[in-house]
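Asks: This structure is in structure tokens; I'll ask about it shortly.
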Amino acid sequence: MTETSVVPSGSPVTERARLRFENLSMVFPDGTQALDDITFTVGAGEFVTVVGPSGCGKSTLLRIASGLTQHTSGDCEVDRDSIGYVFQDATLLPWRTVRKNVELNAELQGVGKAERQRRATEAIELVNLVGHEDKYPKQLSGGMKMRCSLARSLVLNPKVFLFDEPFGALDEITRERLNGELISLFHLEQFSGLFITHSIAEAVFLSTRVLVMSARPGRIIGDYAVPFGEHRTQEIRFEPEFAEICGRINDDLKDAHS
Amino acid sequence: MTMSYTPPQQVPQEAMATPAAVGVSVPVHQPGSSPRKRRLRNIIPPLITFALFIAVWYLYSWARFDNPAQRRNALPYPHTVITDGFLPFWDETNGFRPILGYMWPTAKVTLTGLAISIVLGVSIAIIMNLSKGMERALFPYAVILQTVPILAITPLLTQLFGDEIGVRLVVVVLIAIFPVITNTLFGLQSTDRMHHDLFSLNDVSRWTRLRKLELPSALPAMMAGIRIASGGAVIGAIVADFFFNQGEKGIGYYIRNKQQRAANRPEMFAGTITASMFGVVMFLIVGAITARAIRNWHESASEQA
């Protein structure tokens with residue numbers, strides 16, 4: 001049975017598990033199976049990252065969660081009204097300034113002008129783009145575009161944040177800095193995160209839990225709780241425990257390819 | 001032999017623009033040094049082409065005709081075109097004053113026809129963009145519109161639309177609408193798929209999607225279409241003068257008149273040159289409007305329009 005139940009926001013169920021996949025499978029119309037029997041939840045205070053080889057269906061998982069794609073069997077339970085979605089590219093509208101881009105989601109959802117301006121100002125502060133409000137995307141660096149994209153979702157105060165390899169196109173230094181900023185946002189804004197990446201280090205650094213997905217059809221083949229607490233600094237990247245988890249995930253991924 | 005392959009280096013954007021991340025603005029890349037030098041570089045190549053063109057004109061005219069009178073009545077020297085075609089300034093029937101007088105109706109027909117083409121063309125493109133079915137239903141006829149030999153059906157057009165400004169506008173629209181339709185449709189359909197996803201996530205209406213996403217992203221292509229159409233519109237307005245006799249007569253009528261007597265050859269050239277200059281001006285104006293509309297965000301806008 002295929003069913004997407006939309007749980008009213010604020011109900012106790014959503015507080016425990018804000019996003020739930022149950023025996024979820026996805027077969028594309030051409031017959032290729034993208035996802036096979038995925039079951040996991042993302043609860044309040046959780047930041048779950050899915051790592052896996054390219055083309056394993058990780059992104060499809062997010063598209064299903066957000067309602068952009070329909071799965072073929074199993075359940076996906078989430079409050080669609082409070083989702084933030086950050087795409088692989090910043091997907092900024094090139095004809096809008098930073099401020100107007102940040103306002104976009106709120107504008108499309110009918111939030112009044114004064115209110116969305118207030119929220120945009122706040123979000124722009126959160127992502128450190130103050131002073132760049134009137135620039136056009138063309139004038140921004142890759143990292144700044146991604147910040148703007150983040151702010152655009154923050155404006156909706158989402159309970160669940162879906163990230164589709166948002167930092168994949170950035171250089172290592174920018175990526176690490178943005179990782180750090182994302183962690184602060186996660187604690188400040190108290191959203192639940194589902195993050196897709198193929199960088200193991202990024203996964204471990206950001207998450208409270210890392211899931212490893214196999215090559216197509218995507219299955220969950222590894223599940224790691226990450227022990228580092230709330231206040232992570234870049235230094236944890238050099239701790240032996242960090243390396244150990246990375247190593248184990250790496251082994252899983254090797255199996256995933258074979 | 002060893003084969004080595006170096007993957008194409010991707011320059012990380014942020015690494016190039018590190019100051020940006022700490023709050024220093026990135027200057028928009030501008031080729032060339034001083035603005036004055038750049039302007040010179042923009043202006044010199046077309047001037048050289050122009051000088052060559054004039055030189056070839058003189059040369060050909062000189063080599064082809066031995067008799068000055070014969071030359072004047074066939075391919076007069078450029079300076080003869082100026083002195084005899086343009087300069088009789090206050091003459092009622094020849095020269096610059098009547099030319100300007102005839103240009104005004106032509107300009108009116110051109111601009112009105114172009115405006116109609118834009119409104120109709122963009123609307124038709126929007127309708128075609130609604131569904132594949134609509135596109136299949138309409139597109140073949142848009143093509144046929146373009147391929148109809150308009151000159152062959154002028155008697156029919158006169159019977160259908162009269163002989164005055166109406167039929168002139170029909171001719172202009174028949175010529176100018178096709179590039180507007182195809183370019184706008186292309187622009188609408190080239191809207192980024194991820195942008196569409198972004199709008200889908202917000203459950204927007206078809207109208208909102210059109211207004212806030214598809215139309216703005218189609219704007220550069222649409223303006224390119226209008227630019228092509230503007231040249232066509234001028235031609236349409238002039239050609240109409242050759243076939244329709246009522247209504248306000250335009251520069252085409254002047255050219256046609258001057259064609260009939262060989263002695264008026266310089267005037268004919270003057271009229272033709274003015275008409276084509278008007279086409280160029282239209283082209284430049286649309287280009288300038290385009291550059292202004294998209295200068296902040298579109299790649300093409302950093303180049304000269």
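Going by the structure tokens order, chains are called A, B, ..., each with residues numbered from 1, while ligands are numbered from 1 in the order shown.
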In region 13-139 of chain A, what's strand (DSSP E or B) per DSSP? Answer as JSON, numbers by chain?

Replies: {"A": [17, 18, 19, 20, 21, 22, 23, 24, 25, 26, 27, 33, 34, 35, 36, 37, 38, 39, 40, 41, 42, 43, 47, 48, 49, 50, 51, 73, 74, 75, 76, 77, 78, 83, 84, 85, 86]}

Asks: Any idea which chain A residues end up within 9 Å of chain B if we count only C-alpha atoms, as a ChimeraX atom specification please?

Replies: /A:66-68,80-81,83,85,87,89,91-96,105-106,108-109,128-132,135-144,169-174

Asks: Pick out the residues sitting within 10 Å of Val50 (chain A), and hand them over as a PyMOL selection string; count only C-alpha atoms, and ignore anything fewer than 3 positions along from it in its own chain.

Replies: chain A and resi 58-59+61+164-165+194-200+203+207+209-213+220+222-223

Asks: Got a sec: who's within 12 Å of Trp62 (chain B), counting only C-alpha atoms, leaving out chain neighbours fewer than 3 positions off, as number ranges by chain?

Replies: B: 55-59, 65-68, 70-72, 74-78

Asks: From the options B:Gly113, B:Gly187, B:Pro98, B:Gly279, which residue's atoms come nearest to Ile235 (chain B), counting only C-alpha atoms?

Replies: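 With only C-alpha atoms as the atom set, the closest residue is B:Gly279.
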
Asks: As a count of residues only, please: all residues of region 34-281 of chain B that backbone DSSP puts in alpha helix (DSSP H).

Replies: 192

Asks: Please compute the CA of Thr191 (chain B)-CA of Leu219 (chain B) distance, one decimal, in Å.

Replies: 10.6 Å

Asks: Do you know which residues are at most 9 Å from Gly287 (chain B) counting only C-alpha atoms, after dropping those on the same chain fewer than 4 positions away, and could you put them as a list of chain:residue names?

Replies: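 Neighbouring residues, sequence-local ones excluded: B:Met223, B:Ala224, B:Arg227, B:Met282, B:Phe283, B:Ala291, B:Arg292, B:Ala305.
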
Asks: Which residues, written as an MDAnalysis selection string, have at least one atom at most 12 Å from Gly166 (chain B), with only C-alpha atoms counted and residues fewer than 6 positions away on the same chain left out?

Replies: chainID B and resid 109 112:113 116 157:160 172:173 237 240 244 246:248

Asks: Mind dumping the selected residues with C-alpha atoms as a PDB file, in the first residue's frame?

Replies:
ATOM      1  CA  VAL B 109       3.067  51.060 -38.643  1.00  0.00           C
ATOM      2  CA  THR B 112       2.211  49.359 -33.711  1.00  0.00           C
ATOM      3  CA  GLY B 113       2.736  46.129 -35.634  1.00  0.00           C
ATOM      4  CA  ILE B 116       0.816  43.670 -31.560  1.00  0.00           C
ATOM      5  CA  LEU B 157      -5.134  40.519 -47.819  1.00  0.00           C
ATOM      6  CA  THR B 158      -6.591  43.665 -49.402  1.00  0.00           C
ATOM      7  CA  GLN B 159      -9.976  41.984 -49.738  1.00  0.00           C
ATOM      8  CA  LEU B 160      -9.868  40.750 -46.144  1.00  0.00           C
ATOM      9  CA  VAL B 172       4.008  43.463 -40.237  1.00  0.00           C
ATOM     10  CA  VAL B 173       2.542  41.006 -37.731  1.00  0.00           C
ATOM     11  CA  ALA B 237       5.977  48.123 -43.130  1.00  0.00           C
ATOM     12  CA  ALA B 240       3.331  46.958 -47.504  1.00  0.00           C
ATOM     13  CA  PHE B 244      -1.245  48.800 -50.797  1.00  0.00           C
ATOM     14  CA  GLN B 246      -4.595  53.622 -49.569  1.00  0.00           C
ATOM     15  CA  GLY B 247      -3.899  54.907 -46.116  1.00  0.00           C
ATOM     16  CA  GLU B 248      -0.961  56.968 -44.995  1.00  0.00           C
TER      17      GLU B 248
END

Asks: By how many Å are CA of Ile124 (chain B) and CA of Thr147 (chain B) apart?

Replies: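 Taking CA of Ile124 (chain B) and CA of Thr147 (chain B), their separation equals 17.7 Å.
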
Asks: Take CA of Val48 (chain A) and CA of Phe238 (chain A) and report the distance between them in Å, one decimal.

Replies: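 It comes out at 21.3 Å.
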
Asks: Between A:Lys100, A:Arg119, A:Arg175, A:His71, which is the closest to Phe205 (chain A) once you count only C-alpha atoms?

Replies: A:Arg175
